[in-house]
Each structure stands twice: as structure tokens, then as C-alpha cells.
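K.L.:
I am sharing query-v3.txt, which consists of compact mmCIF, C-alpha atoms:
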# COMPACT_ATOMS: atom_id res chain seq x y z
CA MET A 534 2.07 -0.51 -3.66
CA LEU A 535 4.37 0.19 -0.76
CA ALA A 536 4.37 -3.48 0.23
CA ILE A 537 5.61 -4.34 -3.27
CA MET A 538 8.43 -1.79 -2.91
CA GLU A 539 9.49 -3.28 0.43
CA HIS A 540 9.44 -6.79 -1.07
CA LEU A 541 11.41 -5.50 -4.05
CA LEU A 542 14.07 -4.09 -1.74
CA GLU A 543 14.28 -7.30 0.24
CA GLY A 544 14.79 -9.16 -3.03
CA GLN A 545 17.64 -6.85 -4.00
CA SER A 546 19.81 -7.50 -0.99
CA LEU A 547 19.78 -8.72 2.60
CA ASN A 548 22.44 -6.11 3.45
CA LEU A 549 20.21 -3.05 3.16
CA LYS A 550 20.51 -1.12 6.39
CA VAL A 551 19.00 2.06 7.74
CA HIS A 552 21.67 4.69 8.43
CA GLN A 553 21.58 7.27 11.21
CA SER A 554 22.35 10.86 10.33
CA GLY A 555 22.26 14.16 12.18
CA SER A 556 18.71 14.75 10.93
CA GLY A 557 17.43 11.25 11.76
CA TRP A 558 17.17 7.86 10.11
CA SER A 559 17.79 7.86 6.38
CA PRO A 560 15.22 5.85 4.40
CA VAL A 561 16.33 3.19 1.94
CA PHE A 562 15.87 4.38 -1.64
CA VAL A 563 14.46 2.20 -4.43
CA GLU A 564 14.93 5.02 -6.92
CA ASP A 565 16.27 8.56 -6.56
CA ASN A 566 12.75 9.80 -5.86
CA LEU A 567 11.36 6.83 -3.89
CA GLY A 568 12.44 6.13 -0.31
CA VAL A 569 11.11 3.33 1.91
CA MET A 570 11.25 2.66 5.64
CA SER A 571 10.36 -0.73 7.12
CA VAL A 572 10.84 -2.61 10.38
CA GLY A 573 12.35 -5.33 8.19
CA PHE A 574 15.35 -3.10 7.53
CA LEU A 575 16.10 -2.97 11.26
CA LEU A 576 16.23 -6.73 11.81
CA SER A 577 19.46 -8.69 11.88
CA SER A 578 17.88 -11.48 9.80
CA PRO A 579 14.87 -11.56 7.46
CA ASP A 580 13.70 -14.64 9.38
CA ASP A 581 13.48 -12.78 12.70
CA ALA A 582 9.98 -12.48 14.16
CA VAL A 583 8.74 -9.13 15.45
CA ILE A 584 6.87 -9.92 18.68
CA TRP A 585 5.62 -6.61 20.02
CA ARG A 586 2.64 -5.53 22.05
CA GLY A 587 0.58 -2.46 21.17
CA PRO A 588 2.68 0.25 22.93
CA LYS A 589 5.89 -0.96 21.28
CA LYS A 590 4.27 -0.96 17.82
CA ASN A 591 2.76 2.47 18.38
CA GLY A 592 6.13 3.80 19.49
CA MET A 593 7.77 2.54 16.31
CA ILE A 594 5.05 4.14 14.15
CA LYS A 595 5.64 7.46 15.88
CA GLN A 596 9.39 7.06 15.44
CA PHE A 597 9.04 6.36 11.72
CA LEU A 598 6.98 9.53 11.32
CA ARG A 599 9.08 11.73 13.61
CA ASP A 600 12.67 10.51 13.33
CA VAL A 601 13.02 9.55 9.65
CA ASP A 602 14.64 12.17 7.44
CA TRP A 603 12.03 12.08 4.68
CA GLY A 604 13.05 15.45 3.26
CA GLU A 605 10.64 17.22 0.94
CA VAL A 606 7.98 14.70 -0.10
CA ASP A 607 5.15 14.80 -2.60
CA TYR A 608 3.45 11.74 -1.12
CA LEU A 609 3.91 9.87 2.13
CA ILE A 610 2.32 6.43 1.80
CA VAL A 611 1.72 4.39 4.96
CA ASP A 612 1.18 0.69 4.22
CA THR A 613 -0.87 -0.81 7.04
CA PRO A 614 -1.83 -4.43 7.83
CA PRO A 615 -5.38 -5.61 7.10
CA GLY A 616 -8.06 -4.91 9.66
CA THR A 617 -8.81 -2.14 12.13
CA SER A 618 -6.05 -2.61 14.70
CA ASP A 619 -3.96 -0.24 16.81
CA GLU A 620 -1.70 0.55 13.87
CA HIS A 621 -4.52 2.17 11.90
CA LEU A 622 -5.76 4.28 14.79
CA SER A 623 -2.24 5.35 15.75
CA ALA A 624 -1.33 6.40 12.21
CA VAL A 625 -4.54 8.43 11.87
CA GLN A 626 -4.01 10.13 15.23
CA TYR A 627 -0.32 10.91 14.68
CA LEU A 628 -0.95 12.35 11.20
CA SER A 629 -4.16 14.20 12.01
CA ALA A 630 -2.42 17.58 12.37
CA ALA A 631 -0.42 17.08 9.15
CA HIS A 632 -3.51 16.38 7.01
CA ILE A 633 -4.31 12.99 5.48
CA ASP A 634 -5.69 13.05 1.95
CA GLY A 635 -7.36 9.70 2.44
CA ALA A 636 -7.14 5.93 2.45
CA VAL A 637 -6.63 3.57 -0.47
CA ILE A 638 -8.28 0.29 0.49
CA ILE A 639 -7.09 -2.97 -1.07
CA THR A 640 -9.22 -6.08 -1.42
CA THR A 641 -9.48 -9.28 -3.41
CA PRO A 642 -12.73 -10.37 -5.12
CA GLN A 643 -13.92 -13.08 -2.73
CA GLU A 644 -16.46 -12.40 0.02
CA VAL A 645 -14.14 -13.37 2.90
CA SER A 646 -11.89 -10.45 1.92
CA LEU A 647 -14.78 -8.05 1.31
CA GLN A 648 -16.07 -8.70 4.83
CA ASP A 649 -12.84 -7.32 6.31
CA VAL A 650 -12.82 -4.43 3.87
CA ARG A 651 -16.33 -3.36 4.83
CA LYS A 652 -15.14 -3.12 8.44
CA GLU A 653 -12.18 -1.03 7.30
CA ILE A 654 -14.51 1.30 5.40
CA ASN A 655 -16.68 1.64 8.50
CA PHE A 656 -13.53 2.44 10.50
CA CYS A 657 -12.63 5.22 8.06
CA HIS A 658 -16.09 6.72 8.38
CA LYS A 659 -15.94 6.65 12.18
CA VAL A 660 -12.55 8.40 12.38
CA LYS A 661 -13.58 10.81 9.58
CA LEU A 662 -10.82 9.59 7.26
CA PRO A 663 -11.66 10.25 3.59
CA ILE A 664 -11.63 7.21 1.30
CA ILE A 665 -9.82 7.81 -1.98
CA GLY A 666 -11.15 4.53 -3.31
CA VAL A 667 -10.87 0.75 -3.44
CA VAL A 668 -8.47 -1.38 -5.49
CA GLU A 669 -9.40 -4.96 -6.34
CA ASN A 670 -6.16 -6.92 -6.39
CA MET A 671 -5.79 -10.37 -8.06
CA SER A 672 -9.01 -9.60 -9.89
CA VAL A 673 -8.65 -12.12 -12.72
CA PHE A 674 -5.87 -14.19 -14.24
CA ILE A 675 -5.09 -13.28 -17.85
CA CYS A 676 -3.30 -16.05 -19.73
CA PRO A 677 -0.12 -14.55 -21.24
CA LYS A 678 -0.50 -16.73 -24.34
CA CYS A 679 -4.19 -16.86 -25.25
CA LYS A 680 -5.22 -13.74 -23.26
CA LYS A 681 -8.23 -15.61 -21.85
CA GLU A 682 -9.46 -14.40 -18.47
CA THR A 683 -9.97 -16.85 -15.59
CA GLN A 684 -11.40 -16.02 -12.18
CA ILE A 685 -9.07 -17.60 -9.61
CA PHE A 686 -10.97 -15.94 -6.75
CA PRO A 687 -14.64 -15.92 -7.84
CA PRO A 688 -16.54 -12.76 -6.83
CA THR A 689 -19.52 -14.68 -5.44
CA THR A 690 -21.13 -11.49 -4.10
CA GLY A 691 -20.10 -9.24 -6.98
CA GLY A 692 -16.57 -8.40 -5.86
CA ALA A 693 -15.29 -4.91 -5.16
CA GLU A 694 -17.36 -3.36 -7.93
CA VAL A 695 -20.72 -4.26 -6.38
CA MET A 696 -19.47 -3.41 -2.89
CA CYS A 697 -18.36 0.05 -4.04
CA GLN A 698 -21.72 0.63 -5.71
CA ASP A 699 -23.56 -0.37 -2.53
CA LEU A 700 -21.39 1.78 -0.27
CA LYS A 701 -21.11 4.66 -2.77
CA ILE A 702 -17.31 4.83 -2.80
CA PRO A 703 -15.01 4.94 -5.85
CA LEU A 704 -13.51 1.82 -7.40
CA LEU A 705 -10.04 2.93 -8.46
CA GLY A 706 -9.36 -0.13 -10.58
CA LYS A 707 -8.76 -3.86 -10.80
CA VAL A 708 -5.27 -5.39 -10.91
CA PRO A 709 -5.15 -8.79 -12.62
CA LEU A 710 -3.21 -11.68 -11.14
CA ASP A 711 0.16 -11.78 -12.89
CA PRO A 712 2.91 -14.23 -11.78
CA HIS A 713 5.46 -11.82 -13.22
CA ILE A 714 4.76 -9.40 -10.34
CA GLY A 715 6.00 -11.90 -7.76
CA LYS A 716 8.99 -12.85 -9.90
CA SER A 717 10.04 -9.22 -10.34
CA CYS A 718 9.75 -8.57 -6.61
CA ASP A 719 11.79 -11.67 -5.72
CA LYS A 720 14.53 -10.55 -8.12
CA GLY A 721 14.49 -6.99 -6.76
CA GLN A 722 13.37 -5.55 -10.10
CA SER A 723 10.62 -3.11 -11.02
CA PHE A 724 7.61 -4.92 -12.46
CA LEU A 725 6.52 -1.79 -14.33
CA MET A 726 9.90 -1.72 -16.06
CA ASP A 727 10.06 -5.48 -16.64
CA ALA A 728 6.57 -5.79 -18.11
CA PRO A 729 5.55 -2.39 -19.51
CA ASP A 730 2.87 -3.92 -21.75
CA SER A 731 1.28 -6.16 -19.11
CA PRO A 732 -2.41 -5.59 -18.32
CA ALA A 733 -1.37 -5.32 -14.67
CA THR A 734 1.01 -2.48 -15.53
CA PHE A 735 -1.77 -0.57 -17.30
CA ALA A 736 -4.02 -1.17 -14.28
CA TYR A 737 -1.35 0.11 -11.87
CA ARG A 738 -0.74 3.24 -13.93
CA SER A 739 -4.45 3.99 -14.21
CA ILE A 740 -4.91 3.58 -10.44
CA ILE A 741 -1.92 5.81 -9.71
CA GLN A 742 -3.29 8.48 -12.03
CA ARG A 743 -6.67 8.46 -10.28
CA ILE A 744 -5.00 8.79 -6.88
CA GLN A 745 -2.93 11.70 -8.14
CA GLU A 746 -6.04 13.38 -9.50
CA PHE A 747 -7.77 12.98 -6.13
CA CYS A 748 -4.82 14.42 -4.24
CA GLY A 749 -4.59 17.23 -6.75
CA HIS A 750 -7.93 18.45 -5.49
CA HIS A 751 -6.45 18.74 -1.99
CA PRO A 752 -3.21 20.75 -2.38
CA PRO A 753 -1.54 20.98 1.08
CA LYS A 754 2.20 21.45 1.32
CA GLU A 755 2.75 17.78 2.06
CA GLU A 756 0.33 15.14 0.88
CA HIS A 757 -0.28 11.89 2.76
CA PHE A 758 -2.52 8.94 2.13
CA LEU A 759 -2.95 5.61 3.86
CA SER A 760 -3.02 2.26 2.10
CA SER A 761 -4.65 -0.68 3.79
Translate this file's structure into C-alpha cells.

P.N.:
Amino acid sequence: MLAIMEHLLEGQSLNLKVHQSGSGWSPVFVEDNLGVMSVGFLLSSPDDAVIWRGPKKNGMIKQFLRDVDWGEVDYLIVDTPPGTSDEHLSAVQYLSAAHIDGAVIITTPQEVSLQDVRKEINFCHKVKLPIIGVVENMSVFICPKCKKETQIFPPTTGGAEVMCQDLKIPLLGKVPLDPHIGKSCDKGQSFLMDAPDSPATFAYRSIIQRIQEFCGHHPPKEEHFLSS
């Protein structure tokens, strides 16, 4: 979800910059109630490569958590890269005192993706990070004309649904593959606003509702969850 918001912002303008204030960096706002912070906003060009070793990356994670003026937040979503790298461990350690509601784990249906996700789930268990659930992205392609479903990425081992049953973790939902999502992001527009009747929109809203219900059972002052 957060990755889509960052892509949406990048599609809006290449001139988006992070501003420094007396209380820290000010996040870039997609909407009045949705602020985003990304390393991409700090680069002089969107084509610049970020070539950092572990300590530099960990320092930036800490800076994003400590020096950004987030204000009063209902949810702080940390979008992490796939795998079980330094970024995941650093985020969990830095936020441990603040309370983390849990992780939302993203996969696609094919086995090569599920193999990585199983490792991520094992990582969460080892660091005692609750798992809110799994989202299967690009689940099926639904033809916008005939509404027929086609499996672009065949779930040869049963996809996320069977994996969640085996590992006894919740499946939050399945998001179908919709080319409109990429188009909306490239144009810097909200997909949920552009295609309110899309099956993908209904899937997104259902997943969001389930996450909110989970976090509602854990009512700290500030709620945080990781997305991987």
C-alpha cells in the first residue's frame, strides 16, 4: 500500500521535496491525512542509485523514525523490501518500545514468491512480531470486458490460501491484477478514486477493513504495523 503511495507521488511531480522545520523533516502529503517519507524524495534525480552499506541504511531508518515530524498518527506503516535483511531487523528493534501491532506480508501466487514469504513468516516468529495476515497480490487477472478470470501467475502449490492454512495465519485477501492500478500510479492519481467499482478496489477496501479490525483489538496511543 505504501509503495503504491510513493509511486503515486513520484508520478505527480519530480519536484516534490522534503522540507526541514523546527520540529524535523516534514513528510510529503498525498492527502490531508496521508503523509509519506521516502529516500526517493531526498535524491536529486529519480534515476540516482542509492548505494549504501548496512550502517548507512540503518541510520536512515532511525532518522526517518526519529527526525520526521509525523505529528499525531493513527497508523504508521513501514514499507520494507522483500526478504529478511537488515532493514527488517532494524525497524523491529527501533520500534520495539513504541509497540508494533504486527506485519502485513505481501506475496504473489507462484511458489518462488511463497518460498521467500515463508522465510519472512519464520523471521516474524523468531523476533516475536505478530502477523496481521497475508495479502496475495496479482492473484488473478479479471478481463474488464467479459469479466473472465485468468491466472497469470499459476498457484502451482495452492498459492497464499494453502500456505496460510498450513501455517495457521490469516489470509487478509486477494488483490486481482488490474492494469489500471499501474496507470493511476504513473499519472499520480488515486486508483481507488479512479476505479471505485473495480474488483481490485473492493479487495483493497476489504483488506484495509480487516487490518483496522485487527488493530482495533490492540488500542495503544499510536498504532504501527509493518508491511513487507

K.L.:
May I ask which of the residues A:Glu682, A:Glu694, A:Asp580, A:Asp612 is the closest one to Pro642 in chain A, counting all atoms listed in the file?

P.N.:
A:Glu694

K.L.:
Could you tell me which of A:Phe735, A:Phe674, A:Phe574, A:Tyr627 comes closest to Asn591 in chain A if we count only C-alpha atoms?

P.N.:
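With only C-alpha atoms as the atom set, the closest residue is A:Tyr627.
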
K.L.:
Determine the nearest neighbour of Asp600 in chain A from the options A:Leu725, A:Ala631, A:Ala582, A:Val551, counting only C-alpha atoms.

P.N.:
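Of all the options, A:Val551 lies closest to Asp600 in chain A.
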
K.L.:
Of the residues A:Phe597, A:Asp619, A:Gly635, A:Gln684, which is the one nearest to Trp585 in chain A, using all atoms listed in the file?

P.N.:
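Closest candidate: A:Asp619.
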
K.L.:
Neighbours of Gln626 in chain A within 12 Å (only C-alpha atoms; same-chain residues fewer than 5 positions away dropped), as an NGL selection string?

P.N.:
:A and (591 or 594-595 or 598 or 619-621 or 631-633 or 660-662)

K.L.:
Taking (-20.6, -2.1, -1.6) as a centre in this file's frame and 12 Å as the limit, can you find every polymer residue with an atom that close, using all atoms listed in the file, and give them as a ChimeraX atom specification?

P.N.:
/A:642,644,647-648,650-652,654-655,666-667,690-704

K.L.:
If I put a ball of radius 12 Å at (9.8, 13.3, 3.7) in the file's coordinates, which residues poke into it when counting all atoms listed in the file, written as JSON, numbers by chain?

P.N.:
{"A": [556, 557, 558, 559, 560, 566, 567, 568, 569, 570, 597, 598, 599, 600, 601, 602, 603, 604, 605, 606, 607, 608, 609, 610, 754, 755, 756, 757]}

K.L.:
Expressed in Å to a single decimal, how great is the separation between CA of Ile714 in chain A and CA of Gly616 in chain A?

P.N.:
24.2 Å

K.L.:
To one decimal place, how far is CA of Glu669 in chain A from CA of Thr613 in chain A in Å?

P.N.:
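Calculated distance between CA of Glu669 in chain A and CA of Thr613 in chain A is 16.4 Å.
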
K.L.:
Since the input has fewer atoms than a full residue there, write range 561-579 of chain A out with N, CA and C atoms, as a PDB file, in the frame of the given file.

P.N.:
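Written file, out23.pdb:
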ATOM      1  N   VAL A 561      15.677   3.937   3.001  1.00  0.00           N
ATOM      2  CA  VAL A 561      16.330   3.190   1.940  1.00  0.00           C
ATOM      3  C   VAL A 561      15.654   3.559   0.615  1.00  0.00           C
ATOM      4  N   PHE A 562      16.440   3.881  -0.401  1.00  0.00           N
ATOM      5  CA  PHE A 562      15.870   4.380  -1.640  1.00  0.00           C
ATOM      6  C   PHE A 562      15.836   3.287  -2.709  1.00  0.00           C
ATOM      7  N   VAL A 563      14.642   3.093  -3.291  1.00  0.00           N
ATOM      8  CA  VAL A 563      14.460   2.200  -4.430  1.00  0.00           C
ATOM      9  C   VAL A 563      14.936   2.901  -5.686  1.00  0.00           C
ATOM     10  N   GLU A 564      14.497   4.137  -5.838  1.00  0.00           N
ATOM     11  CA  GLU A 564      14.930   5.020  -6.920  1.00  0.00           C
ATOM     12  C   GLU A 564      15.338   6.345  -6.282  1.00  0.00           C
ATOM     13  N   ASP A 565      15.847   7.272  -7.099  1.00  0.00           N
ATOM     14  CA  ASP A 565      16.270   8.560  -6.560  1.00  0.00           C
ATOM     15  C   ASP A 565      15.128   9.308  -5.901  1.00  0.00           C
ATOM     16  N   ASN A 566      13.905   9.060  -6.370  1.00  0.00           N
ATOM     17  CA  ASN A 566      12.750   9.800  -5.860  1.00  0.00           C
ATOM     18  C   ASN A 566      11.783   8.917  -5.076  1.00  0.00           C
ATOM     19  N   LEU A 567      12.244   7.741  -4.624  1.00  0.00           N
ATOM     20  CA  LEU A 567      11.360   6.830  -3.890  1.00  0.00           C
ATOM     21  C   LEU A 567      12.119   6.202  -2.727  1.00  0.00           C
ATOM     22  N   GLY A 568      11.813   6.663  -1.504  1.00  0.00           N
ATOM     23  CA  GLY A 568      12.440   6.130  -0.310  1.00  0.00           C
ATOM     24  C   GLY A 568      11.451   5.294   0.495  1.00  0.00           C
ATOM     25  N   VAL A 569      11.957   4.258   1.154  1.00  0.00           N
ATOM     26  CA  VAL A 569      11.110   3.330   1.910  1.00  0.00           C
ATOM     27  C   VAL A 569      11.706   3.122   3.297  1.00  0.00           C
ATOM     28  N   MET A 570      10.822   3.015   4.293  1.00  0.00           N
ATOM     29  CA  MET A 570      11.250   2.660   5.640  1.00  0.00           C
ATOM     30  C   MET A 570      10.411   1.478   6.107  1.00  0.00           C
ATOM     31  N   SER A 571      11.050   0.474   6.682  1.00  0.00           N
ATOM     32  CA  SER A 571      10.360  -0.730   7.120  1.00  0.00           C
ATOM     33  C   SER A 571      11.045  -1.291   8.352  1.00  0.00           C
ATOM     34  N   VAL A 572      10.265  -1.912   9.240  1.00  0.00           N
ATOM     35  CA  VAL A 572      10.840  -2.610  10.380  1.00  0.00           C
ATOM     36  C   VAL A 572      11.796  -3.698   9.897  1.00  0.00           C
ATOM     37  N   GLY A 573      11.501  -4.273   8.725  1.00  0.00           N
ATOM     38  CA  GLY A 573      12.350  -5.330   8.190  1.00  0.00           C
ATOM     39  C   GLY A 573      13.782  -4.902   7.976  1.00  0.00           C
ATOM     40  N   PHE A 574      13.992  -3.589   7.741  1.00  0.00           N
ATOM     41  CA  PHE A 574      15.350  -3.100   7.530  1.00  0.00           C
ATOM     42  C   PHE A 574      16.142  -3.014   8.832  1.00  0.00           C
ATOM     43  N   LEU A 575      15.448  -3.103   9.957  1.00  0.00           N
ATOM     44  CA  LEU A 575      16.100  -2.970  11.260  1.00  0.00           C
ATOM     45  C   LEU A 575      16.435  -4.317  11.880  1.00  0.00           C
ATOM     46  N   LEU A 576      16.002  -5.404  11.256  1.00  0.00           N
ATOM     47  CA  LEU A 576      16.230  -6.730  11.810  1.00  0.00           C
ATOM     48  C   LEU A 576      17.580  -7.279  11.375  1.00  0.00           C
ATOM     49  N   SER A 577      18.168  -8.095  12.216  1.00  0.00           N
ATOM     50  CA  SER A 577      19.460  -8.690  11.880  1.00  0.00           C
ATOM     51  C   SER A 577      19.324  -9.800  10.839  1.00  0.00           C
ATOM     52  N   SER A 578      18.129 -10.404  10.759  1.00  0.00           N
ATOM     53  CA  SER A 578      17.880 -11.480   9.800  1.00  0.00           C
ATOM     54  C   SER A 578      16.464 -11.350   9.270  1.00  0.00           C
ATOM     55  N   PRO A 579      16.229 -11.621   7.995  1.00  0.00           N
ATOM     56  CA  PRO A 579      14.870 -11.560   7.460  1.00  0.00           C
ATOM     57  C   PRO A 579      13.944 -12.604   8.056  1.00  0.00           C
TER      58      PRO A 579
END
